[in-house]
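Asker: Structure: my_file_0.txt, compact mmCIF, C-alpha atoms.
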```txt
# COMPACT_ATOMS: atom_id res chain seq x y z
CA MET A 1 118.37 108.35 114.07
CA ALA A 2 116.56 111.65 113.49
CA ASP A 3 118.60 112.10 110.30
CA LEU A 4 117.54 108.66 109.09
CA LYS A 5 113.89 109.46 109.70
CA HIS A 6 114.23 112.68 107.70
CA ARG A 7 115.95 110.73 104.92
CA ILE A 8 112.98 108.35 104.80
CA ALA A 9 110.48 111.24 104.86
CA LYS A 10 112.32 113.02 102.01
CA ARG A 11 112.21 109.93 99.84
CA VAL A 12 108.52 109.27 100.56
CA ALA A 13 107.70 112.86 99.59
CA MET A 14 109.00 112.15 96.08
CA GLU A 15 106.22 109.60 95.61
CA PHE A 16 103.55 112.31 95.81
CA LYS A 17 102.03 113.57 92.59
CA ASP A 18 100.41 116.90 91.87
CA GLY A 19 96.80 116.92 93.05
CA TYR A 20 97.13 114.07 95.52
CA VAL A 21 94.82 113.76 98.50
CA ALA A 22 96.85 112.07 101.22
CA ASN A 23 96.78 111.08 104.88
CA LEU A 24 99.97 110.98 106.93
CA GLY A 25 100.20 108.95 110.12
CA ILE A 26 101.52 110.42 113.35
CA GLY A 27 105.30 110.42 113.89
CA LEU A 28 107.74 109.78 111.06
CA PRO A 29 105.01 109.94 108.34
CA THR A 30 104.09 113.49 109.47
CA LEU A 31 107.65 114.60 108.55
CA VAL A 32 106.84 113.91 104.89
CA SER A 33 104.85 117.17 104.65
CA ASN A 34 108.10 119.12 105.22
CA TYR A 35 109.62 117.76 102.03
CA LEU A 36 106.87 117.95 99.41
CA PRO A 37 108.31 119.32 96.14
CA GLU A 38 107.26 122.91 95.43
CA ASN A 39 105.54 122.16 92.15
CA VAL A 40 103.51 119.32 93.68
CA ASP A 41 100.23 120.42 95.27
CA VAL A 42 99.01 117.91 97.85
CA ILE A 43 96.07 118.33 100.20
CA LEU A 44 96.41 116.43 103.46
CA GLN A 45 93.51 114.86 105.28
CA SER A 46 93.19 114.48 109.05
CA GLU A 47 90.96 111.51 109.83
CA ASN A 48 89.27 113.19 112.79
CA GLY A 49 87.53 115.36 110.22
CA PHE A 50 89.14 117.75 107.77
CA THR A 51 91.10 118.26 104.59
CA GLY A 52 93.81 120.92 104.47
CA ILE A 53 95.75 120.15 107.66
CA THR A 54 99.18 121.81 107.81
CA ASP A 55 101.64 122.07 110.70
CA ALA A 56 101.53 122.08 114.51
CA SER A 57 100.17 125.28 116.09
CA GLU A 58 102.52 127.67 117.81
CA PRO A 59 102.00 127.58 121.59
CA GLY A 60 99.60 130.36 122.55
CA LYS A 61 98.11 130.53 119.05
CA GLU A 62 96.08 127.31 119.10
CA ASP A 63 92.51 127.12 117.89
CA VAL A 64 91.11 124.73 120.50
CA ASP A 65 88.58 123.40 117.98
CA VAL A 66 91.29 122.14 115.63
CA ILE A 67 93.32 119.07 116.52
CA ASN A 68 94.99 116.33 114.49
CA ALA A 69 94.41 112.61 114.93
CA GLY A 70 97.12 112.52 117.59
CA ALA A 71 95.27 115.15 119.68
CA GLY A 72 97.83 117.89 118.95
CA TYR A 73 96.74 121.41 118.01
CA VAL A 74 97.34 122.08 114.33
CA ASN A 75 96.86 124.74 111.65
CA TYR A 76 94.94 124.47 108.42
CA GLU A 77 95.01 125.94 104.90
CA PRO A 78 92.55 128.58 103.66
CA ARG A 79 91.02 125.89 101.39
CA ALA A 80 90.49 123.50 104.32
CA CYS A 81 87.09 121.92 104.90
CA PHE A 82 85.76 120.33 108.09
CA PHE A 83 83.39 117.36 108.28
CA ASP A 84 82.23 114.63 110.61
CA SER A 85 83.71 111.15 111.19
CA SER A 86 81.28 109.36 108.88
CA LEU A 87 82.22 111.57 105.93
CA SER A 88 85.89 111.49 106.89
CA PHE A 89 85.97 107.72 106.63
CA SER A 90 83.89 107.78 103.47
CA ILE A 91 86.82 109.72 102.00
CA ILE A 92 89.24 107.14 103.37
CA ARG A 93 87.34 103.95 102.50
CA GLY A 94 85.67 105.22 99.36
CA GLY A 95 88.76 105.48 97.20
CA HIS A 96 89.09 109.27 97.51
CA LEU A 97 92.51 109.11 99.15
CA ASP A 98 95.41 108.79 96.71
CA ALA A 99 97.97 107.80 99.31
CA THR A 100 98.49 107.10 102.97
CA VAL A 101 101.83 106.92 104.77
CA LEU A 102 102.09 104.89 107.96
CA GLY A 103 104.68 103.23 110.12
CA ALA A 104 104.76 99.47 110.70
CA MET A 105 105.83 96.93 113.25
CA GLU A 106 105.99 94.26 110.54
CA VAL A 107 105.37 94.01 106.79
CA ASP A 108 105.60 90.77 104.84
CA GLU A 109 106.32 89.82 101.25
CA LYS A 110 102.62 89.47 100.47
CA GLY A 111 102.03 93.09 101.44
CA ASN A 112 100.38 92.11 104.71
CA LEU A 113 100.75 94.72 107.42
CA ALA A 114 100.93 94.52 111.23
CA ASN A 115 101.12 97.85 113.01
CA TRP A 116 98.55 98.04 115.76
CA ILE A 117 98.86 95.41 118.49
CA VAL A 118 101.46 93.35 120.30
CA PRO A 119 99.81 90.49 122.22
CA GLY A 120 100.39 90.79 125.96
CA LYS A 121 101.26 94.47 125.79
CA MET A 122 98.86 97.28 126.62
CA VAL A 123 96.48 97.76 123.70
CA ALA A 124 96.16 101.15 122.04
CA GLY A 125 93.59 100.23 119.40
CA MET A 126 93.62 100.42 115.64
CA GLY A 127 92.06 103.89 115.45
CA GLY A 128 91.81 104.74 111.76
CA ALA A 129 94.74 102.61 110.59
CA MET A 130 92.74 99.64 109.31
CA ASP A 131 90.45 101.90 107.30
CA LEU A 132 93.36 103.93 105.92
CA VAL A 133 95.34 100.99 104.57
CA THR A 134 92.21 99.29 103.26
CA GLY A 135 90.88 102.35 101.47
CA ALA A 136 93.84 104.39 100.23
CA LYS A 137 94.85 103.80 96.61
CA LYS A 138 98.53 103.68 97.53
CA VAL A 139 99.83 102.51 100.91
CA ILE A 140 103.38 103.60 101.68
CA ILE A 141 105.14 102.24 104.74
CA ALA A 142 107.77 104.62 106.12
CA MET A 143 109.90 103.06 108.82
CA LEU A 144 113.37 102.17 110.04
CA HIS A 145 114.42 98.95 108.31
CA THR A 146 114.79 96.95 111.54
CA GLN A 147 113.69 97.15 115.16
CA LYS A 148 117.14 97.57 116.74
CA GLY A 149 118.56 94.93 114.39
CA THR A 150 115.54 92.61 114.29
CA PRO A 151 114.04 92.48 110.78
CA LYS A 152 110.60 94.04 110.32
CA ILE A 153 110.25 93.04 106.68
CA LEU A 154 109.41 89.36 106.85
CA LYS A 155 108.28 86.32 104.89
CA GLU A 156 105.15 86.31 107.04
CA CYS A 157 104.01 88.71 109.78
CA THR A 158 104.09 87.24 113.30
CA LEU A 159 101.91 89.95 114.88
CA PRO A 160 98.14 90.30 114.36
CA TYR A 161 97.34 91.86 111.02
CA THR A 162 96.14 95.39 110.38
CA ALA A 163 95.13 94.37 106.87
CA LEU A 164 96.01 91.77 104.24
CA GLY A 165 97.82 92.46 100.98
CA VAL A 166 97.58 96.23 101.18
CA VAL A 167 101.16 97.53 101.20
CA ASP A 168 102.42 98.98 97.90
CA LEU A 169 105.75 100.56 98.79
CA ILE A 170 108.21 100.35 101.69
CA VAL A 171 110.71 103.15 102.27
CA THR A 172 113.43 102.70 104.89
CA GLU A 173 116.82 104.27 105.55
CA MET A 174 118.35 101.40 103.56
CA GLY A 175 116.26 101.48 100.43
CA VAL A 176 112.99 101.60 98.52
CA MET A 177 111.03 98.39 97.99
CA GLU A 178 107.90 97.66 96.02
CA VAL A 179 105.53 94.84 96.96
CA THR A 180 104.91 92.79 93.79
CA PRO A 181 103.00 89.53 93.22
CA GLU A 182 106.40 87.77 93.10
CA GLY A 183 107.64 89.28 96.37
CA ILE A 184 109.53 92.34 97.54
CA LEU A 185 111.39 94.13 94.78
CA LEU A 186 114.37 96.26 95.85
CA LYS A 187 114.34 99.25 93.49
CA GLU A 188 116.71 101.63 95.24
CA LEU A 189 119.56 100.99 97.67
CA HIS A 190 121.01 103.79 99.80
CA PRO A 191 124.75 104.30 99.13
CA ASP A 192 125.48 103.89 102.88
CA PHE A 193 124.60 100.20 102.58
CA THR A 194 125.66 97.19 100.52
CA LEU A 195 123.32 94.61 99.02
CA ASP A 196 124.55 92.09 101.56
CA GLU A 197 123.74 94.46 104.41
CA ILE A 198 120.16 95.10 103.33
CA LYS A 199 119.63 91.38 102.66
CA ALA A 200 120.93 90.57 106.15
CA ALA A 201 118.55 93.13 107.68
CA THR A 202 115.53 91.70 105.84
CA GLY A 203 113.59 88.62 106.96
CA CYS A 204 112.58 87.48 103.48
CA ASP A 205 114.16 87.20 100.05
CA LEU A 206 114.58 90.46 98.18
CA ILE A 207 114.18 90.50 94.42
CA ILE A 208 116.86 92.86 93.14
CA ALA A 209 115.64 95.15 90.38
CA GLU A 210 117.56 94.81 87.11
CA ASN A 211 118.06 98.56 87.08
CA LEU A 212 118.75 98.93 90.83
CA LYS A 213 119.41 102.61 91.57
CA PRO A 214 120.95 104.51 94.44
CA MET A 215 118.21 105.77 96.79
CA LYS A 216 117.30 109.31 95.84
CA VAL A 217 117.18 111.66 98.78
CA GLU A 218 118.19 115.13 97.64
CA MET B 1 57.33 124.70 120.94
CA ILE B 2 58.50 122.22 123.56
CA ASP B 3 60.98 123.72 126.00
CA LYS B 4 64.16 121.64 125.64
CA ILE B 5 66.42 123.87 127.76
CA ARG B 6 67.69 122.13 130.88
CA THR B 7 70.53 122.31 133.35
CA ALA B 8 73.08 119.52 132.92
CA ASP B 9 71.78 117.75 136.03
CA GLU B 10 68.15 117.96 134.86
CA ALA B 11 69.07 116.69 131.40
CA ILE B 12 70.63 113.49 132.76
CA ALA B 13 67.98 112.84 135.42
CA GLY B 14 66.77 109.71 133.60
CA LEU B 15 70.21 108.15 133.31
CA GLN B 16 70.33 104.84 135.18
CA ASP B 17 72.95 102.30 136.24
CA GLY B 18 73.80 99.86 133.47
CA MET B 19 72.68 102.05 130.57
CA THR B 20 74.48 102.37 127.26
CA ILE B 21 75.56 105.88 126.34
CA MET B 22 77.29 107.51 123.40
CA VAL B 23 79.70 110.40 123.88
CA GLY B 24 80.74 112.59 120.96
CA GLY B 25 84.20 114.01 120.39
CA PHE B 26 87.69 112.88 119.47
CA MET B 27 90.21 112.83 122.27
CA ALA B 28 87.76 115.08 124.13
CA CYS B 29 87.85 117.71 121.35
CA GLY B 30 84.13 118.06 120.73
CA SER B 31 83.00 116.26 123.89
CA PRO B 32 80.33 117.88 126.09
CA GLU B 33 82.33 118.43 129.27
CA ASN B 34 79.51 119.86 131.38
CA LEU B 35 77.43 116.76 130.68
CA MET B 36 80.35 114.48 131.61
CA ASP B 37 80.70 116.41 134.90
CA ALA B 38 76.98 115.95 135.59
CA ILE B 39 77.22 112.18 135.03
CA VAL B 40 80.15 112.01 137.45
CA ARG B 41 78.13 114.02 140.02
CA LYS B 42 75.17 111.64 139.63
CA GLY B 43 77.53 108.69 139.99
CA VAL B 44 75.59 106.21 137.83
CA LYS B 45 77.55 102.97 137.51
CA HIS B 46 78.13 100.04 135.16
CA LEU B 47 77.79 102.16 132.05
CA THR B 48 78.58 100.92 128.56
CA VAL B 49 80.16 103.84 126.75
CA ILE B 50 80.40 104.15 122.97
CA GLY B 51 82.84 106.77 121.73
CA ASN B 52 85.93 107.20 119.59
CA ASP B 53 88.40 106.82 122.44
CA GLY B 54 88.94 106.79 126.20
CA GLY B 55 89.29 110.56 126.44
CA ILE B 56 92.09 112.08 128.46
CA PRO B 57 93.04 110.98 131.99
CA PRO B 58 93.61 113.53 134.77
CA THR B 59 97.07 115.05 135.13
CA GLU B 60 98.65 116.91 138.05
CA LYS B 61 97.55 120.21 136.50
CA ASP B 62 94.24 119.29 134.88
CA SER B 63 91.11 117.27 135.42
CA ALA B 64 90.27 114.41 133.06
CA ARG B 65 88.53 115.31 129.80
CA GLY B 66 85.72 113.79 127.80
CA ILE B 67 85.12 110.07 128.38
CA GLY B 68 88.24 110.15 130.58
CA LYS B 69 86.08 111.73 133.31
CA LEU B 70 83.72 108.73 133.37
CA ILE B 71 86.59 106.23 133.35
CA ASN B 72 88.47 108.11 136.05
CA ALA B 73 85.34 108.03 138.24
CA GLY B 74 84.98 104.26 137.76
CA LEU B 75 81.54 104.52 136.15
CA VAL B 76 82.32 102.48 133.04
CA ASP B 77 82.11 98.67 132.77
CA ARG B 78 82.50 98.47 129.02
CA LEU B 79 84.00 100.82 126.46
CA ILE B 80 83.35 100.48 122.73
CA ALA B 81 85.98 102.62 120.99
CA SER B 82 88.60 102.71 118.23
CA HIS B 83 91.64 103.97 120.12
CA VAL B 84 92.41 104.01 123.82
CA GLY B 85 96.20 104.42 123.76
CA LEU B 86 96.20 108.01 125.00
CA ASN B 87 94.38 107.11 128.22
CA PRO B 88 96.48 104.65 130.27
CA GLN B 89 93.59 104.26 132.74
CA VAL B 90 91.75 102.24 130.07
CA GLY B 91 94.66 99.83 129.65
CA GLN B 92 95.01 99.50 133.43
CA GLY B 93 91.29 98.83 133.76
CA MET B 94 91.51 96.13 131.08
CA MET B 95 94.53 94.50 132.75
CA CYS B 96 92.81 94.25 136.14
CA GLY B 97 89.50 93.18 134.60
CA ALA B 98 87.50 96.16 135.83
CA LEU B 99 86.92 97.46 132.32
CA ALA B 100 86.02 95.56 129.15
CA CYS B 101 86.99 97.21 125.92
CA ASP B 102 85.76 96.39 122.42
CA LEU B 103 88.00 97.93 119.79
CA ILE B 104 86.41 98.72 116.44
CA PRO B 105 88.09 100.42 113.46
CA GLN B 106 87.24 104.11 113.56
CA GLY B 107 85.42 104.20 110.24
CA THR B 108 83.45 101.08 111.12
CA LEU B 109 82.48 102.62 114.45
CA ALA B 110 81.19 105.76 112.75
CA GLU B 111 79.16 103.74 110.24
CA ALA B 112 77.79 101.32 112.88
CA ILE B 113 76.49 104.32 114.82
CA ARG B 114 75.14 105.89 111.64
CA ALA B 115 73.43 102.57 110.80
CA GLY B 116 71.88 102.57 114.26
CA GLY B 117 70.37 105.98 113.66
CA ALA B 118 69.55 105.49 110.00
CA GLY B 119 67.47 102.34 110.33
CA LEU B 120 69.98 100.10 108.59
CA GLY B 121 70.57 96.47 109.53
CA GLY B 122 74.31 97.00 109.64
CA VAL B 123 77.15 97.97 107.37
CA LEU B 124 79.37 95.95 105.05
CA THR B 125 82.94 97.19 105.22
CA PRO B 126 86.13 95.84 103.66
CA THR B 127 88.03 97.18 106.68
CA GLY B 128 89.22 94.46 109.05
CA VAL B 129 88.77 91.44 106.75
CA GLY B 130 91.28 88.79 107.85
CA THR B 131 92.05 90.55 111.14
CA ILE B 132 90.96 90.47 114.79
CA ALA B 133 88.38 93.15 113.91
CA ALA B 134 86.44 90.53 111.95
CA GLU B 135 86.30 88.02 114.82
CA GLY B 136 82.76 86.93 115.68
CA ARG B 137 81.38 88.78 112.67
CA GLN B 138 79.77 87.43 109.55
CA ILE B 139 81.73 87.77 106.31
CA VAL B 140 79.52 88.66 103.37
CA VAL B 141 80.72 88.31 99.78
CA VAL B 142 79.38 90.90 97.34
CA ASP B 143 80.44 90.60 93.69
CA GLY B 144 83.38 88.45 94.73
CA LYS B 145 84.71 90.81 97.38
CA GLU B 146 84.68 90.05 101.12
CA TYR B 147 83.13 92.44 103.62
CA VAL B 148 82.73 92.38 107.40
CA LEU B 149 79.13 92.73 108.53
CA GLU B 150 79.12 95.21 111.40
CA LYS B 151 75.82 95.43 113.22
CA PRO B 152 74.26 98.79 114.11
CA LEU B 153 75.02 100.48 117.41
CA LYS B 154 72.35 102.24 119.45
CA ALA B 155 72.26 103.74 122.90
CA ASP B 156 69.92 104.85 125.66
CA TYR B 157 71.53 108.29 125.72
CA ALA B 158 73.77 110.29 123.42
CA PHE B 159 75.76 113.16 124.89
CA ILE B 160 76.95 115.43 122.13
CA ARG B 161 78.43 118.90 121.76
CA ALA B 162 77.63 121.84 119.51
CA THR B 163 79.38 125.16 118.97
CA HIS B 164 76.09 126.82 117.99
CA ALA B 165 72.53 125.67 118.62
CA ASP B 166 69.13 127.30 118.68
CA LYS B 167 66.41 126.61 121.23
CA PHE B 168 64.76 124.04 118.98
CA GLY B 169 68.03 122.07 118.93
CA ASN B 170 69.20 122.78 115.39
CA PHE B 171 72.96 122.73 115.72
CA MET B 172 76.41 122.82 114.20
CA SER B 173 79.72 121.74 115.70
CA GLY B 174 82.62 123.94 114.64
CA LYS B 175 85.74 122.81 112.79
CA SER B 176 87.19 119.51 114.04
CA THR B 177 84.69 119.16 116.90
CA LYS B 178 82.13 117.53 114.59
CA THR B 179 83.65 114.05 114.86
CA PHE B 180 80.96 111.59 116.06
CA ASN B 181 78.51 114.26 117.25
CA TYR B 182 76.38 114.20 114.11
CA VAL B 183 75.93 110.44 113.74
CA MET B 184 75.31 110.02 117.47
CA ALA B 185 72.51 112.59 117.33
CA MET B 186 70.48 110.01 115.41
CA ALA B 187 71.38 106.83 117.27
CA ALA B 188 70.09 107.20 120.84
CA GLU B 189 66.74 107.08 122.59
CA THR B 190 67.44 110.37 124.38
CA VAL B 191 69.82 112.94 122.94
CA VAL B 192 71.36 115.62 125.16
CA LEU B 193 73.14 118.47 123.41
CA GLY B 194 75.67 120.62 125.24
CA THR B 195 76.30 123.84 123.37
CA GLU B 196 78.76 126.69 123.57
CA HIS B 197 76.43 129.31 122.04
CA LEU B 198 72.64 129.16 122.42
CA HIS B 199 70.54 131.25 120.02
CA GLU B 200 66.88 132.14 119.69
CA VAL B 201 65.03 130.33 116.91
CA GLY B 202 65.32 132.41 113.73
CA GLU B 203 68.29 134.41 115.01
CA LYS B 204 70.59 132.58 112.60
CA ASP B 205 69.64 131.73 109.05
CA ALA B 206 68.17 128.22 108.84
CA ASP B 207 70.99 127.34 106.44
CA PHE B 208 73.54 128.00 109.21
CA TYR B 209 72.95 124.76 111.10
CA HIS B 210 74.15 121.32 109.96
CA MET B 211 71.82 119.09 111.97
CA PRO B 212 68.08 119.37 112.57
CA GLY B 213 66.77 119.92 116.08
CA ILE B 214 64.28 117.07 115.72
CA PHE B 215 67.04 114.72 116.93
CA VAL B 216 67.65 116.66 120.14
CA ASP B 217 65.66 116.09 123.34
CA TYR B 218 67.47 118.38 125.78
CA ILE B 219 69.74 121.38 125.32
CA VAL B 220 72.28 122.45 127.92
CA GLY B 221 74.10 125.74 127.45
CA GLY B 222 77.41 126.83 128.90
CA GLU B 223 79.96 124.63 127.15
CA PHE B 224 83.34 126.33 127.26
CA ARG B 225 86.00 126.46 124.59
CA TRP B 226 87.97 123.75 126.32
CA GLN B 227 91.69 123.41 126.04
CA ILE B 228 92.48 119.70 126.01
```
Please express what this file holds, its structure, as structure tokens.
Answerer:
Amino acid sequence: MADLKHRIAKRVAMEFKDGYVANLGIGLPTLVSNYLPENVDVILQSENGFTGITDASEPGKEDVDVINAGAGYVNYEPRACFFDSSLSFSIIRGGHLDATVLGAMEVDEKGNLANWIVPGKMVAGMGGAMDLVTGAKKVIIAMLHTQKGTPKILKECTLPYTALGVVDLIVTEMGVMEVTPEGILLKELHPDFTLDEIKAATGCDLIIAENLKPMKVE
Amino acid sequence: MIDKIRTADEAIAGLQDGMTIMVGGFMACGSPENLMDAIVRKGVKHLTVIGNDGGIPPTEKDSARGIGKLINAGLVDRLIASHVGLNPQVGQGMMCGALACDLIPQGTLAEAIRAGGAGLGGVLTPTGVGTIAAEGRQIVVVDGKEYVLEKPLKADYAFIRATHADKFGNFMSGKSTKTFNYVMAMAAETVVLGTEHLHEVGEKDADFYHMPGIFVDYIVGGEFRWQI
């Protein structure tokens, strides 16, 4: 499972272009920062209020005034800059974020996203997720293809929406899919899986790209 | 110059049952802990609390932190926040009906508070259109695009935290402690600033501070560098 998550993170990292400003969600998306290509300079934003976030702080070496959005102590680059929540979300909503990477409970073929609430379960809250997917120029969903076998990529989300029509790209351990006006386009398939397997694990029709490629991971 | 320096207990003397308060910080990083302790000591009840989250609940080793102190003491009837998942006491309170919780997207929350302090009639945000976050709110179409109208938020008190302040109340909050502290400084009837370092007026260059002291009513020194 851990290997699969790293595979997904590696593939997402290839989507980043030199000069990107990006925000990575907590969990699997955070792994993406480990795999950014050397010649690609990306500055990462932390929505609680800074640009230039790097990795988790070593125990004993924390700066107690510097946490990430998951309340963990983190380090920052020399070019980092700190600001308040209003400015932080102006960056996010105002089109200043090139990409955001988040997990999902469900994504559908219209690019609708559900990743914040399951009715009847204890509510965590949307935090910054709704703003991130609404404002970022490119929304990349990084997740395992199914929830223990149950498809998460669907014809229509069943859970309450985080936002409508916002998802651009879905990267899972099985492949890379782009959300297009016609539906979900499978562009890359991981060699561990067959077309029939990924179709069976997906809750909507997949449009197979004419030049379908093996999923790049190395 | 008006003397704004108070003890924490003096600064909250006017706080009454049923009031609405704002608390700065993000998961208690940047929350004024001494002021939270004073509110718990006073024991005012039925508060509506506006803040990013529910703070941190107590553990076996540590006391609660930030807004978590108020929730743990049972002082809060209603919480207006963006994320409460890291404090299970909020979820438990919601389940048993003791605590109402309005969840607002984080960026919308920041702007609603800013609107409250900036004299605006609300904010139009594309965030939340077509979701639960838009329920009960007016949708306004501008140049063909839909926005949620979020009304301004104001409070009776704001409790905020600075790293450095002078005795007039000019202040700055270091690194990632800024969070909601700056917008909240403008949005409440009475603003109480807890600060780690307290300086004489003129001791630091005027360009050093981020926020003007005109927003601050009371200053309480002695904030620690808290480990959350």
Asker: Report as a CSV table (one decimal) with C-alpha atoms, in the coordinates of the input the set of chain A residues whose atoms approach chain B to within 7 Å, with distances computed over all atoms listed in the file.
Answerer:
```
chain,number,residue,atom,x,y,z
A,48,ASN,CA,89.3,113.2,112.8
A,49,GLY,CA,87.5,115.4,110.2
A,50,PHE,CA,89.1,117.8,107.8
A,64,VAL,CA,91.1,124.7,120.5
A,65,ASP,CA,88.6,123.4,118.0
A,66,VAL,CA,91.3,122.1,115.6
A,67,ILE,CA,93.3,119.1,116.5
A,71,ALA,CA,95.3,115.2,119.7
A,82,PHE,CA,85.8,120.3,108.1
A,83,PHE,CA,83.4,117.4,108.3
A,84,ASP,CA,82.2,114.6,110.6
A,85,SER,CA,83.7,111.2,111.2
A,86,SER,CA,81.3,109.4,108.9
A,89,PHE,CA,86.0,107.7,106.6
A,122,MET,CA,98.9,97.3,126.6
A,123,VAL,CA,96.5,97.8,123.7
A,124,ALA,CA,96.2,101.2,122.0
A,125,GLY,CA,93.6,100.2,119.4
A,126,MET,CA,93.6,100.4,115.6
A,127,GLY,CA,92.1,103.9,115.4
A,128,GLY,CA,91.8,104.7,111.8
A,130,MET,CA,92.7,99.6,109.3
A,131,ASP,CA,90.4,101.9,107.3
A,134,THR,CA,92.2,99.3,103.3
A,160,PRO,CA,98.1,90.3,114.4
A,161,TYR,CA,97.3,91.9,111.0
A,162,THR,CA,96.1,95.4,110.4
A,163,ALA,CA,95.1,94.4,106.9
A,164,LEU,CA,96.0,91.8,104.2
```
Asker: Which one of B:Gly66, B:Gly55, B:Gly202, B:Pro152 sits closest to Leu120 (chain B) if you count only C-alpha atoms?
Answerer: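 Result for the nearest residue to Leu120 (chain B): B:Pro152.
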Asker: Compute the distance from (124.1, 102.4, 95.8) to each atom, counting only C-alpha atoms, keep the residues with any atom at most 9 Å away, and return them as a PDB file with C-alpha atoms, keeping the file's coordinate frame; use the coordinates of the file.
Answerer:
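Dumped to selection.pdb:
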```pdb
ATOM      1  CA  GLU A 188     116.710 101.630  95.240  1.00  0.00           C
ATOM      2  CA  LEU A 189     119.560 100.990  97.670  1.00  0.00           C
ATOM      3  CA  HIS A 190     121.010 103.790  99.800  1.00  0.00           C
ATOM      4  CA  PRO A 191     124.750 104.300  99.130  1.00  0.00           C
ATOM      5  CA  ASP A 192     125.480 103.890 102.880  1.00  0.00           C
ATOM      6  CA  PHE A 193     124.600 100.200 102.580  1.00  0.00           C
ATOM      7  CA  THR A 194     125.660  97.190 100.520  1.00  0.00           C
ATOM      8  CA  LEU A 195     123.320  94.610  99.020  1.00  0.00           C
ATOM      9  CA  LEU A 212     118.750  98.930  90.830  1.00  0.00           C
ATOM     10  CA  LYS A 213     119.410 102.610  91.570  1.00  0.00           C
ATOM     11  CA  PRO A 214     120.950 104.510  94.440  1.00  0.00           C
ATOM     12  CA  MET A 215     118.210 105.770  96.790  1.00  0.00           C
TER      13      MET A 215
END
```
Asker: Taking 5 positions as the minimum chain separation for residues in the same chain, which residues sit within 12 Å of Lys199 (chain A) when counting all atoms listed in the file? Answer as a ChimeraX atom specification.
Answerer: /A:145-146,151,153-154,174-175,184-186,189,193-194,204-208
Asker: Just to be explicit: take each residue in the selection above, keep C-alpha atoms, and write the result as a CSV table (one decimal), in the frame of the given file.
Answerer:
```csv
chain,number,residue,atom,x,y,z
A,145,HIS,CA,114.4,99.0,108.3
A,146,THR,CA,114.8,97.0,111.5
A,151,PRO,CA,114.0,92.5,110.8
A,153,ILE,CA,110.2,93.0,106.7
A,154,LEU,CA,109.4,89.4,106.8
A,174,MET,CA,118.4,101.4,103.6
A,175,GLY,CA,116.3,101.5,100.4
A,184,ILE,CA,109.5,92.3,97.5
A,185,LEU,CA,111.4,94.1,94.8
A,186,LEU,CA,114.4,96.3,95.8
A,189,LEU,CA,119.6,101.0,97.7
A,193,PHE,CA,124.6,100.2,102.6
A,194,THR,CA,125.7,97.2,100.5
A,204,CYS,CA,112.6,87.5,103.5
A,205,ASP,CA,114.2,87.2,100.0
A,206,LEU,CA,114.6,90.5,98.2
A,207,ILE,CA,114.2,90.5,94.4
A,208,ILE,CA,116.9,92.9,93.1
```
Asker: What does the structure give for the distance between CA of Pro181 (chain A) and CA of Leu169 (chain A), in Å to one decimal?
Answerer: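 Computing the Euclidean distance for CA of Pro181 (chain A) and CA of Leu169 (chain A) yields 12.7 Å.
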Asker: Show me, as a VMD selection string, the residues that have an atom within 7 Å of Asp108 (chain A) when counting all atoms listed in the file, minus same-chain residues fewer than 4 positions from it.
Answerer: chain A and resid 112 to 113 153 to 157
Asker: Kindly give the distance, in Å, that separates CA of Ile26 (chain A) and CA of Gly103 (chain A), rounded to a single decimal.
Answerer: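 One can read the CA of Ile26 (chain A) to CA of Gly103 (chain A) distance as 8.5 Å.
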